[in-house]
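Below is the file model_39.cif, which contains mmCIF, C-alpha atoms.
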```
data_entry
loop_
_atom_site.group_PDB
_atom_site.id
_atom_site.type_symbol
_atom_site.label_atom_id
_atom_site.label_comp_id
_atom_site.auth_asym_id
_atom_site.auth_seq_id
_atom_site.Cartn_x
_atom_site.Cartn_y
_atom_site.Cartn_z
ATOM 1 C CA MET Q 27 0.000 0.000 0.000
ATOM 2 C CA GLU Q 28 2.886 2.345 0.726
ATOM 3 C CA HIS Q 29 4.267 1.636 -2.758
ATOM 4 C CA ILE Q 30 0.880 2.470 -4.312
ATOM 5 C CA LEU Q 31 0.647 5.763 -2.450
ATOM 6 C CA LEU Q 32 4.234 6.844 -3.218
ATOM 7 C CA TYR Q 33 4.477 5.665 -6.819
ATOM 8 C CA ALA Q 34 0.900 6.016 -8.127
ATOM 9 C CA ILE Q 35 -1.100 8.497 -6.043
ATOM 10 C CA VAL Q 36 1.455 11.069 -4.829
ATOM 11 C CA PRO Q 37 3.001 11.696 -8.301
ATOM 12 C CA ILE Q 38 -0.474 12.343 -9.728
ATOM 13 C CA ILE Q 39 -1.247 14.804 -6.935
ATOM 14 C CA VAL Q 40 2.072 16.625 -7.403
ATOM 15 C CA VAL Q 41 1.757 16.971 -11.196
ATOM 16 C CA MET Q 42 -1.943 17.864 -11.014
ATOM 17 C CA LEU Q 43 -1.187 20.451 -8.327
ATOM 18 C CA ALA Q 44 1.488 21.955 -10.594
ATOM 19 C CA GLY Q 45 -1.090 22.263 -13.371
ATOM 20 C CA TYR Q 46 -3.643 23.713 -10.952
ATOM 21 C CA ILE Q 47 -1.214 26.368 -9.666
ATOM 22 C CA SER Q 48 -0.092 27.285 -13.190
ATOM 23 C CA GLY Q 49 -3.753 27.716 -14.134
ATOM 24 C CA LYS Q 50 -4.503 29.883 -11.115
ATOM 25 C CA LYS Q 51 -1.454 32.049 -11.841
ATOM 26 C CA GLY Q 52 -2.554 32.506 -15.444
ATOM 27 C CA ILE Q 53 0.476 30.762 -16.918
ATOM 28 C CA PHE Q 54 -1.884 28.402 -18.759
ATOM 29 C CA SER Q 55 -5.588 28.765 -19.475
ATOM 30 C CA GLY Q 56 -8.513 26.489 -20.149
ATOM 31 C CA ASP Q 57 -7.846 26.845 -23.892
ATOM 32 C CA ASP Q 58 -4.262 25.644 -23.339
ATOM 33 C CA SER Q 59 -5.650 22.661 -21.433
ATOM 34 C CA LYS Q 60 -7.814 21.721 -24.415
ATOM 35 C CA LYS Q 61 -4.740 21.799 -26.664
ATOM 36 C CA PHE Q 62 -2.808 19.585 -24.230
ATOM 37 C CA ASN Q 63 -5.769 17.202 -24.133
ATOM 38 C CA LYS Q 64 -5.742 16.983 -27.932
ATOM 39 C CA VAL Q 65 -2.045 16.045 -27.899
ATOM 40 C CA VAL Q 66 -2.824 13.311 -25.366
ATOM 41 C CA LEU Q 67 -5.920 11.899 -27.071
ATOM 42 C CA ASP Q 68 -4.743 12.179 -30.690
ATOM 43 C CA TYR Q 69 -1.033 11.348 -30.352
ATOM 44 C CA ALA Q 70 0.415 10.287 -26.988
ATOM 45 C CA LEU Q 71 -2.311 7.877 -25.818
ATOM 46 C CA PRO Q 72 -2.840 6.174 -29.226
ATOM 47 C CA ALA Q 73 0.947 5.669 -29.510
ATOM 48 C CA ALA Q 74 1.083 4.204 -25.990
ATOM 49 C CA LEU Q 75 -1.821 1.854 -26.667
ATOM 50 C CA PHE Q 76 -0.574 0.712 -30.067
ATOM 51 C CA VAL Q 77 3.049 -0.018 -29.198
ATOM 52 C CA SER Q 78 2.071 -1.796 -25.975
ATOM 53 C CA ILE Q 79 -0.611 -4.028 -27.496
ATOM 54 C CA VAL Q 80 1.381 -5.125 -30.570
ATOM 55 C CA GLN Q 81 3.883 -6.705 -28.180
ATOM 56 C CA ALA Q 82 1.160 -9.030 -26.876
ATOM 57 C CA THR Q 83 0.365 -12.507 -28.219
ATOM 58 C CA ARG Q 84 -2.726 -14.239 -29.573
ATOM 59 C CA ASP Q 85 -2.941 -16.304 -26.388
ATOM 60 C CA MET Q 86 -3.054 -13.133 -24.310
ATOM 61 C CA LEU Q 87 -5.864 -11.720 -26.435
ATOM 62 C CA ALA Q 88 -7.836 -14.971 -26.193
ATOM 63 C CA ALA Q 89 -7.447 -14.955 -22.422
ATOM 64 C CA ASP Q 90 -8.744 -11.366 -22.295
ATOM 65 C CA ILE Q 91 -12.124 -12.053 -23.977
ATOM 66 C CA LYS Q 92 -13.727 -12.320 -20.547
ATOM 67 C CA LEU Q 93 -12.067 -9.022 -19.600
ATOM 68 C CA SER Q 94 -13.590 -7.354 -22.666
ATOM 69 C CA LEU Q 95 -17.112 -8.652 -22.025
ATOM 70 C CA ILE Q 96 -17.113 -7.750 -18.331
ATOM 71 C CA SER Q 97 -15.750 -4.280 -19.151
ATOM 72 C CA LEU Q 98 -18.477 -3.694 -21.741
ATOM 73 C CA VAL Q 99 -21.362 -5.006 -19.632
ATOM 74 C CA GLY Q 100 -20.187 -3.529 -16.326
ATOM 75 C CA ILE Q 101 -19.337 -0.035 -17.548
ATOM 76 C CA MET Q 102 -22.393 0.363 -19.786
ATOM 77 C CA PHE Q 103 -24.683 -0.948 -17.018
ATOM 78 C CA CYS Q 104 -23.319 1.759 -14.711
ATOM 79 C CA PHE Q 105 -23.537 4.315 -17.526
ATOM 80 C CA MET Q 106 -27.252 3.688 -18.107
ATOM 81 C CA LEU Q 107 -27.990 3.428 -14.372
ATOM 82 C CA VAL Q 108 -26.448 6.881 -13.809
ATOM 83 C CA TYR Q 109 -28.569 8.213 -16.680
ATOM 84 C CA TYR Q 110 -31.837 6.887 -15.239
ATOM 85 C CA VAL Q 111 -30.985 7.921 -11.652
ATOM 86 C CA PHE Q 112 -30.317 11.526 -12.675
ATOM 87 C CA ARG Q 113 -33.363 11.488 -14.933
ATOM 88 C CA LEU Q 114 -35.436 11.136 -11.741
ATOM 89 C CA PHE Q 115 -34.496 14.642 -10.595
ATOM 90 C CA LYS Q 116 -37.315 16.986 -11.611
ATOM 91 C CA SER Q 117 -34.868 19.806 -12.324
ATOM 92 C CA ASN Q 118 -32.920 17.677 -14.812
ATOM 93 C CA THR Q 119 -33.673 17.255 -18.495
ATOM 94 C CA GLY Q 120 -32.746 14.184 -20.500
ATOM 95 C CA ALA Q 121 -29.714 16.111 -21.772
ATOM 96 C CA ASP Q 122 -28.605 16.791 -18.182
ATOM 97 C CA ALA Q 123 -28.928 13.100 -17.358
ATOM 98 C CA ALA Q 124 -26.957 12.175 -20.485
ATOM 99 C CA VAL Q 125 -24.096 14.468 -19.459
ATOM 100 C CA SER Q 126 -24.218 12.963 -15.966
ATOM 101 C CA ALA Q 127 -23.807 9.515 -17.516
ATOM 102 C CA LEU Q 128 -20.926 10.701 -19.714
ATOM 103 C CA ILE Q 129 -19.201 12.030 -16.572
ATOM 104 C CA SER Q 130 -20.136 9.848 -13.586
ATOM 105 C CA GLY Q 131 -20.801 6.757 -15.728
ATOM 106 C CA SER Q 132 -17.391 6.732 -17.444
ATOM 107 C CA PRO Q 133 -13.841 6.478 -16.024
ATOM 108 C CA THR Q 134 -11.155 8.859 -17.300
ATOM 109 C CA ILE Q 135 -9.113 5.965 -18.632
ATOM 110 C CA GLY Q 136 -7.495 7.963 -21.432
ATOM 111 C CA PHE Q 137 -6.022 10.588 -19.124
ATOM 112 C CA LEU Q 138 -5.143 8.605 -16.003
ATOM 113 C CA GLY Q 139 -5.154 4.944 -17.086
ATOM 114 C CA PHE Q 140 -1.423 4.498 -17.659
ATOM 115 C CA ALA Q 141 -0.512 7.042 -14.960
ATOM 116 C CA VAL Q 142 -2.246 4.932 -12.295
ATOM 117 C CA LEU Q 143 -1.977 1.343 -13.547
ATOM 118 C CA GLU Q 144 1.685 1.221 -14.624
ATOM 119 C CA PRO Q 145 3.175 2.298 -11.256
ATOM 120 C CA ILE Q 146 1.033 -0.341 -9.539
ATOM 121 C CA PHE Q 147 1.151 -3.261 -11.988
ATOM 122 C CA GLY Q 148 4.209 -2.478 -14.101
ATOM 123 C CA THR Q 149 4.701 -1.606 -17.769
ATOM 124 C CA THR Q 150 3.269 -4.717 -19.418
ATOM 125 C CA PRO Q 151 1.126 -5.540 -22.471
ATOM 126 C CA THR Q 152 -1.625 -6.677 -20.087
ATOM 127 C CA VAL Q 153 -1.876 -3.215 -18.553
ATOM 128 C CA ALA Q 154 -2.085 -1.736 -22.051
ATOM 129 C CA LEU Q 155 -4.859 -4.183 -22.974
ATOM 130 C CA VAL Q 156 -6.911 -3.164 -19.932
ATOM 131 C CA VAL Q 157 -6.466 0.523 -20.791
ATOM 132 C CA ALA Q 158 -7.270 -0.151 -24.457
ATOM 133 C CA ILE Q 159 -10.390 -2.223 -23.792
ATOM 134 C CA VAL Q 160 -11.843 0.289 -21.322
ATOM 135 C CA SER Q 161 -10.919 3.150 -23.695
ATOM 136 C CA ILE Q 162 -12.787 1.483 -26.549
ATOM 137 C CA VAL Q 163 -15.862 0.927 -24.352
ATOM 138 C CA VAL Q 164 -15.839 4.543 -23.131
ATOM 139 C CA ASN Q 165 -15.047 6.199 -26.479
ATOM 140 C CA ALA Q 166 -16.648 3.897 -29.045
ATOM 141 C CA VAL Q 167 -19.741 2.848 -27.057
ATOM 142 C CA GLY Q 168 -20.366 5.222 -24.137
ATOM 143 C CA ILE Q 169 -19.862 8.540 -25.931
ATOM 144 C CA PRO Q 170 -22.069 7.668 -28.963
ATOM 145 C CA VAL Q 171 -24.832 6.427 -26.627
ATOM 146 C CA GLY Q 172 -24.552 9.563 -24.490
ATOM 147 C CA LEU Q 173 -24.626 11.867 -27.512
ATOM 148 C CA SER Q 174 -27.653 10.045 -28.923
ATOM 149 C CA LEU Q 175 -29.538 10.426 -25.632
ATOM 150 C CA MET Q 176 -28.556 14.085 -25.422
ATOM 151 C CA ASN Q 177 -29.577 14.910 -28.976
ATOM 152 C CA ALA Q 178 -32.900 13.122 -28.528
ATOM 153 C CA SER Q 179 -33.631 15.204 -25.420
ATOM 154 C CA LEU Q 180 -32.576 18.492 -27.014
ATOM 155 C CA GLU Q 181 -34.677 17.753 -30.094
ATOM 156 C CA LYS Q 182 -37.684 17.049 -27.859
ATOM 157 C CA GLN Q 183 -37.185 20.312 -25.947
ATOM 158 C CA HIS Q 184 -36.486 22.419 -29.040
ATOM 159 C CA PRO Q 185 -37.766 20.773 -32.233
ATOM 160 C CA GLY Q 186 -35.444 21.468 -35.131
ATOM 161 C CA SER Q 187 -32.546 22.464 -32.860
ATOM 162 C CA THR Q 188 -30.509 19.390 -33.788
ATOM 163 C CA LYS Q 189 -29.736 17.992 -37.203
ATOM 164 C CA LYS Q 190 -31.369 14.762 -38.248
ATOM 165 C CA GLN Q 191 -28.623 12.194 -38.579
ATOM 166 C CA SER Q 192 -28.060 8.477 -38.716
ATOM 167 C CA ALA Q 193 -27.914 6.664 -35.390
ATOM 168 C CA TRP Q 194 -24.601 5.191 -36.539
ATOM 169 C CA LEU Q 195 -22.967 8.570 -37.159
ATOM 170 C CA PRO Q 196 -21.774 9.086 -33.538
ATOM 171 C CA VAL Q 197 -20.339 5.561 -33.538
ATOM 172 C CA LEU Q 198 -18.460 6.138 -36.791
ATOM 173 C CA HIS Q 199 -17.206 9.490 -35.534
ATOM 174 C CA ALA Q 200 -15.913 7.856 -32.338
ATOM 175 C CA LEU Q 201 -14.133 5.138 -34.314
ATOM 176 C CA GLU Q 202 -12.442 7.799 -36.447
ATOM 177 C CA GLN Q 203 -10.575 9.067 -33.383
ATOM 178 C CA PRO Q 204 -6.986 7.741 -32.989
ATOM 179 C CA VAL Q 205 -7.688 6.718 -29.393
ATOM 180 C CA ALA Q 206 -10.280 4.240 -30.746
ATOM 181 C CA TRP Q 207 -8.767 2.926 -33.988
ATOM 182 C CA ALA Q 208 -5.139 2.678 -32.793
ATOM 183 C CA PRO Q 209 -5.803 -0.124 -30.247
ATOM 184 C CA ILE Q 210 -8.136 -1.876 -32.711
ATOM 185 C CA LEU Q 211 -5.393 -1.788 -35.359
ATOM 186 C CA ALA Q 212 -2.917 -3.175 -32.810
ATOM 187 C CA VAL Q 213 -5.264 -6.044 -31.937
ATOM 188 C CA VAL Q 214 -5.698 -6.881 -35.648
ATOM 189 C CA TRP Q 215 -1.901 -6.780 -36.024
ATOM 190 C CA VAL Q 216 -1.495 -9.351 -33.249
ATOM 191 C CA LEU Q 217 -4.302 -11.589 -34.565
ATOM 192 C CA VAL Q 218 -2.792 -11.623 -38.048
ATOM 193 C CA GLY Q 219 0.454 -12.738 -36.473
ATOM 194 C CA ILE Q 220 2.812 -10.089 -37.852
ATOM 195 C CA PRO Q 221 5.963 -9.946 -35.678
ATOM 196 C CA TRP Q 222 6.567 -6.497 -34.200
ATOM 197 C CA PRO Q 223 10.183 -5.390 -34.782
ATOM 198 C CA GLU Q 224 11.904 -4.221 -31.602
ATOM 199 C CA TRP Q 225 13.648 -1.413 -33.470
ATOM 200 C CA ALA Q 226 10.271 0.197 -34.220
ATOM 201 C CA SER Q 227 9.255 0.700 -30.570
ATOM 202 C CA PRO Q 228 11.602 3.626 -29.773
ATOM 203 C CA SER Q 229 9.887 5.648 -32.504
ATOM 204 C CA PHE Q 230 6.690 5.510 -30.432
ATOM 205 C CA ASP Q 231 8.242 5.703 -26.968
ATOM 206 C CA LEU Q 232 9.118 9.403 -27.006
ATOM 207 C CA ILE Q 233 5.556 10.640 -27.599
ATOM 208 C CA LYS Q 234 4.178 7.765 -25.520
ATOM 209 C CA GLY Q 235 6.130 9.044 -22.523
ATOM 210 C CA ALA Q 236 4.238 12.339 -22.610
ATOM 211 C CA ASN Q 237 0.880 10.618 -22.178
ATOM 212 C CA ALA Q 238 0.514 10.356 -18.402
ATOM 213 C CA SER Q 239 2.378 13.488 -17.347
ATOM 214 C CA MET Q 240 0.713 15.814 -19.870
ATOM 215 C CA ALA Q 241 -2.743 14.356 -19.171
ATOM 216 C CA VAL Q 242 -2.446 14.845 -15.409
ATOM 217 C CA PHE Q 243 -0.927 18.331 -15.763
ATOM 218 C CA SER Q 244 -3.736 19.295 -18.134
ATOM 219 C CA ALA Q 245 -6.304 17.961 -15.659
ATOM 220 C CA GLY Q 246 -4.889 20.324 -13.039
ATOM 221 C CA ILE Q 247 -5.267 23.290 -15.394
ATOM 222 C CA THR Q 248 -8.852 22.261 -16.129
ATOM 223 C CA LEU Q 249 -9.705 22.058 -12.432
ATOM 224 C CA SER Q 250 -8.205 25.519 -11.831
ATOM 225 C CA SER Q 251 -10.770 27.050 -14.179
ATOM 226 C CA ILE Q 252 -13.743 25.340 -12.526
ATOM 227 C CA LYS Q 253 -15.895 26.986 -9.874
ATOM 228 C CA VAL Q 254 -16.750 24.166 -7.481
ATOM 229 C CA SER Q 255 -20.220 24.103 -5.924
ATOM 230 C CA ILE Q 256 -21.173 21.076 -3.828
ATOM 231 C CA ASN Q 257 -24.803 19.912 -3.807
ATOM 232 C CA TRP Q 258 -26.639 16.601 -3.544
ATOM 233 C CA GLN Q 259 -26.313 15.830 -7.243
ATOM 234 C CA VAL Q 260 -22.549 16.424 -7.084
ATOM 235 C CA VAL Q 261 -22.208 14.092 -4.091
ATOM 236 C CA LEU Q 262 -24.451 11.449 -5.670
ATOM 237 C CA GLY Q 263 -22.503 11.555 -8.927
ATOM 238 C CA SER Q 264 -19.228 11.044 -7.067
ATOM 239 C CA ILE Q 265 -20.655 8.135 -5.059
ATOM 240 C CA LEU Q 266 -22.000 6.427 -8.171
ATOM 241 C CA LYS Q 267 -18.640 6.787 -9.894
ATOM 242 C CA MET Q 268 -16.231 5.986 -7.049
ATOM 243 C CA VAL Q 269 -18.309 3.333 -5.253
ATOM 244 C CA MET Q 270 -20.901 1.797 -7.561
ATOM 245 C CA MET Q 271 -18.830 1.275 -10.713
ATOM 246 C CA PRO Q 272 -15.824 -0.530 -9.146
ATOM 247 C CA ALA Q 273 -18.249 -2.542 -6.992
ATOM 248 C CA VAL Q 274 -20.214 -3.700 -10.058
ATOM 249 C CA ILE Q 275 -17.007 -4.647 -11.891
ATOM 250 C CA LEU Q 276 -15.695 -6.515 -8.847
ATOM 251 C CA ILE Q 277 -18.931 -8.476 -8.427
ATOM 252 C CA LEU Q 278 -19.072 -9.395 -12.127
ATOM 253 C CA GLY Q 279 -15.415 -10.448 -12.075
ATOM 254 C CA LEU Q 280 -15.941 -12.676 -9.048
ATOM 255 C CA VAL Q 281 -19.154 -14.232 -10.378
ATOM 256 C CA PHE Q 282 -17.574 -15.118 -13.723
ATOM 257 C CA HIS Q 283 -14.210 -16.168 -12.210
ATOM 258 C CA MET Q 284 -12.128 -13.551 -13.931
ATOM 259 C CA ASP Q 285 -8.337 -13.774 -13.741
ATOM 260 C CA PRO Q 286 -7.450 -12.202 -10.334
ATOM 261 C CA LEU Q 287 -4.756 -9.870 -11.669
ATOM 262 C CA ASN Q 288 -6.910 -8.688 -14.574
ATOM 263 C CA LEU Q 289 -9.796 -8.180 -12.161
ATOM 264 C CA LYS Q 290 -7.632 -6.085 -9.864
ATOM 265 C CA MET Q 291 -6.514 -3.879 -12.764
ATOM 266 C CA LEU Q 292 -10.063 -3.527 -14.074
ATOM 267 C CA VAL Q 293 -11.415 -2.551 -10.637
ATOM 268 C CA VAL Q 294 -8.760 0.177 -10.349
ATOM 269 C CA ALA Q 295 -9.632 1.364 -13.872
ATOM 270 C CA ALA Q 296 -13.308 1.501 -12.894
ATOM 271 C CA ALA Q 297 -12.430 3.483 -9.755
ATOM 272 C CA LEU Q 298 -10.714 6.229 -11.767
ATOM 273 C CA PRO Q 299 -12.303 9.703 -11.580
ATOM 274 C CA PRO Q 300 -15.024 10.660 -14.105
ATOM 275 C CA ALA Q 301 -14.180 11.054 -17.775
ATOM 276 C CA PHE Q 302 -12.899 14.487 -18.770
ATOM 277 C CA SER Q 303 -14.467 13.929 -22.182
ATOM 278 C CA GLY Q 304 -17.876 14.314 -20.515
ATOM 279 C CA ILE Q 305 -16.913 17.788 -19.328
ATOM 280 C CA ILE Q 306 -15.736 18.724 -22.814
ATOM 281 C CA ILE Q 307 -19.080 17.602 -24.294
ATOM 282 C CA ALA Q 308 -21.016 19.407 -21.540
ATOM 283 C CA ASP Q 309 -19.140 22.608 -22.335
ATOM 284 C CA GLU Q 310 -19.771 22.270 -26.077
ATOM 285 C CA TYR Q 311 -23.519 21.814 -25.531
ATOM 286 C CA ASP Q 312 -23.648 24.270 -22.581
ATOM 287 C CA THR Q 313 -25.489 21.604 -20.594
ATOM 288 C CA TYR Q 314 -25.042 20.660 -16.922
ATOM 289 C CA VAL Q 315 -21.556 22.237 -16.862
ATOM 290 C CA ALA Q 316 -21.406 23.531 -13.267
ATOM 291 C CA THR Q 317 -22.720 20.389 -11.548
ATOM 292 C CA GLY Q 318 -20.763 18.041 -13.805
ATOM 293 C CA THR Q 319 -17.452 19.809 -13.272
ATOM 294 C CA SER Q 320 -18.027 20.005 -9.516
ATOM 295 C CA SER Q 321 -18.687 16.259 -9.420
ATOM 296 C CA LEU Q 322 -15.476 15.682 -11.368
ATOM 297 C CA THR Q 323 -13.479 17.805 -8.915
ATOM 298 C CA LEU Q 324 -14.905 16.025 -5.870
ATOM 299 C CA SER Q 325 -14.227 12.616 -7.430
ATOM 300 C CA VAL Q 326 -10.593 13.504 -8.171
ATOM 301 C CA ILE Q 327 -10.118 14.351 -4.487
ATOM 302 C CA LEU Q 328 -11.899 11.185 -3.335
ATOM 303 C CA PHE Q 329 -9.801 9.022 -5.658
ATOM 304 C CA VAL Q 330 -6.786 9.554 -3.396
ATOM 305 C CA GLY Q 331 -8.516 7.440 -0.774
ATOM 306 C CA PHE Q 332 -10.652 5.148 -2.919
ATOM 307 C CA CYS Q 333 -7.821 3.818 -5.111
ATOM 308 C CA PRO Q 334 -5.946 2.049 -2.274
ATOM 309 C CA LEU Q 335 -9.269 1.133 -0.662
ATOM 310 C CA TRP Q 336 -10.492 -0.747 -3.740
ATOM 311 C CA LEU Q 337 -7.134 -2.467 -4.145
ATOM 312 C CA TRP Q 338 -7.414 -3.675 -0.550
ATOM 313 C CA ILE Q 339 -11.056 -4.806 -0.999
ATOM 314 C CA THR Q 340 -10.196 -6.679 -4.202
ATOM 315 C CA ASP Q 341 -7.283 -8.405 -2.481
ATOM 316 C CA LEU Q 342 -9.619 -9.554 0.283
ATOM 317 C CA CYS Q 343 -12.179 -10.862 -2.212
ATOM 318 C CA VAL Q 344 -9.749 -12.838 -4.379
ATOM 319 C CA GLY Q 345 -7.856 -14.120 -1.333
ATOM 320 C CA GLY Q 346 -4.603 -15.866 -2.115
ATOM 321 C CA ALA Q 347 -5.282 -16.102 -5.854
ATOM 322 C CA LEU Q 348 -3.036 -13.127 -6.647
#
```

The structure given in the file should be rewritten as structure tokens.
Amino acid sequence: MEHILLYAIVPIIVVMLAGYISGKKGIFSGDDSKKFNKVVLDYALPAALFVSIVQATRDMLAADIKLSLISLVGIMFCFMLVYYVFRLFKSNTGADAAVSALISGSPTIGFLGFAVLEPIFGTTPTVALVVAIVSIVVNAVGIPVGLSLMNASLEKQHPGSTKKQSAWLPVLHALEQPVAWAPILAVVWVLVGIPWPEWASPSFDLIKGANASMAVFSAGITLSSIKVSINWQVVLGSILKMVMMPAVILILGLVFHMDPLNLKMLVVAAALPPAFSGIIIADEYDTYVATGTSSLTLSVILFVGFCPLWLWITDLCVGGAL
């Protein structure tokens, strides 16, 4: 536990605090944070996912089918549950509930996945597969579903305010993003059986190394520009994200006898703070911004305690299997 705190949690706090202070001092702004995020999502993270996965084997991919199914079912169950829970609030529209699901129903795997998992579990292809699988679920399934729910609500409130489009368009748009197609391409590469040359990895490693540090620093800048206001919806969103989601994943993993190490990594991934992409979408649509960002801020603070707590709980549940 001491190793986890010193090598996974404390570095994130230090780098995020540096970003927060630089934002408060005006060195960087929210617009700068968006540019940093684009570097992470379009270049650093796809490079990290691709070069890590292509070093895996077909046997590893076959063994991770259960991981993929549990990730998909568990995360999307929590996603839709968050949507329907927040839909119950009379003050919320369907668009508000959709943003809540995009935030509190999705882990920020793209920004903090490698930063948290690698210090705890090491730099291995298995860690990359967990990050890739959860990233695909969040970006290629969760975001299109959330956008569809949001557009349907906005169209109902203001007929003609949204463009009529194919239900598959959000899915295709999500798959066009490097963070979605890069891991898929890597998986196809491994399945085809093309050997990955060792000399090619260093070409990806330089930009890959910027992934975690830039993502966390950017998160600090983002938080510095947010006015935090705590209310019941903020607290509920944080509880659903930090407690319900890892609990659901843990229960599913135990019921279906998931590999203990994979289960432990997946539970930590599920316990990550809410997805920053949800905040970006909320800002673009000017929907549920204040409450969503406040829930994100509270969850980031709570993660400091919940990360080691869920590791400890998972260890107790799997017993001596690890």

Task: Selection near region 288-291 of chain Q, 12 Å with only C-alpha atoms, sequence-local residues under 5 positions removed, as a PyMOL selection string - done: chain Q and resi 86+89-94+96-97+135+139-140+142-148+150-157+159-160+272-283+296-298+333-345+347-348

- [ ] List the residues selected by the PyMOL selection byres ((chain Q and resi 76) around 9) in the file shown, writing them as a PyMOL selection string.
- [x] chain Q and resi 71-75+77-81+154+158+208-213+230

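With only C-alpha atoms as the atoms that count, the residue of Q:Phe332, Q:Trp225, Q:Phe112, Q:Phe137 with the shortest distance to Gly318 (chain Q) is Q:Phe112.
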
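Across the model, the gap from CA of Val125 (chain Q) to CA of Ile307 (chain Q) is 7.6 Å.
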
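Taking CA of Thr319 (chain Q) and CA of Leu249 (chain Q) as endpoints, the distance between them is 8.1 Å.
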
- [ ] Measure the distance from CA of Phe302 (chain Q) to CA of Ser244 (chain Q) in Å and round it to one decimal.
- [x] 10.4 Å

Would you compute, for all listed atoms of region 28-39 of chain Q, the axis-aligned bounding box grown by 5 Å on each side, and then report its centre and edge lengths in Å rounded to one decimal, as JSON?
```
{"center_x": 1.6, "center_y": 8.2, "center_z": -4.5, "size_x": 15.7, "size_y": 23.2, "size_z": 20.5}
```

Open item on the list: Could you list, as a ChimeraX atom specification, every residue matched by the PyMOL selection byres ((chain Q and resi 179) around 9) in this structure?
Closed with: /Q:119-122,124,174-178,180-184

Quick one: apply the PyMOL selection byres ((chain Q and resi 36-39) around 10) to the file and drop the selected residues here as a CSV table (one decimal) with C-alpha atoms, keeping the file's coordinate frame.
```
chain,number,residue,atom,x,y,z
Q,30,ILE,CA,0.9,2.5,-4.3
Q,31,LEU,CA,0.6,5.8,-2.4
Q,32,LEU,CA,4.2,6.8,-3.2
Q,33,TYR,CA,4.5,5.7,-6.8
Q,34,ALA,CA,0.9,6.0,-8.1
Q,35,ILE,CA,-1.1,8.5,-6.0
Q,40,VAL,CA,2.1,16.6,-7.4
Q,41,VAL,CA,1.8,17.0,-11.2
Q,42,MET,CA,-1.9,17.9,-11.0
Q,43,LEU,CA,-1.2,20.5,-8.3
Q,44,ALA,CA,1.5,22.0,-10.6
Q,45,GLY,CA,-1.1,22.3,-13.4
Q,138,LEU,CA,-5.1,8.6,-16.0
Q,141,ALA,CA,-0.5,7.0,-15.0
Q,142,VAL,CA,-2.2,4.9,-12.3
Q,145,PRO,CA,3.2,2.3,-11.3
Q,238,ALA,CA,0.5,10.4,-18.4
Q,239,SER,CA,2.4,13.5,-17.3
Q,241,ALA,CA,-2.7,14.4,-19.2
Q,242,VAL,CA,-2.4,14.8,-15.4
Q,243,PHE,CA,-0.9,18.3,-15.8
Q,246,GLY,CA,-4.9,20.3,-13.0
Q,326,VAL,CA,-10.6,13.5,-8.2
Q,327,ILE,CA,-10.1,14.4,-4.5
Q,330,VAL,CA,-6.8,9.6,-3.4
```
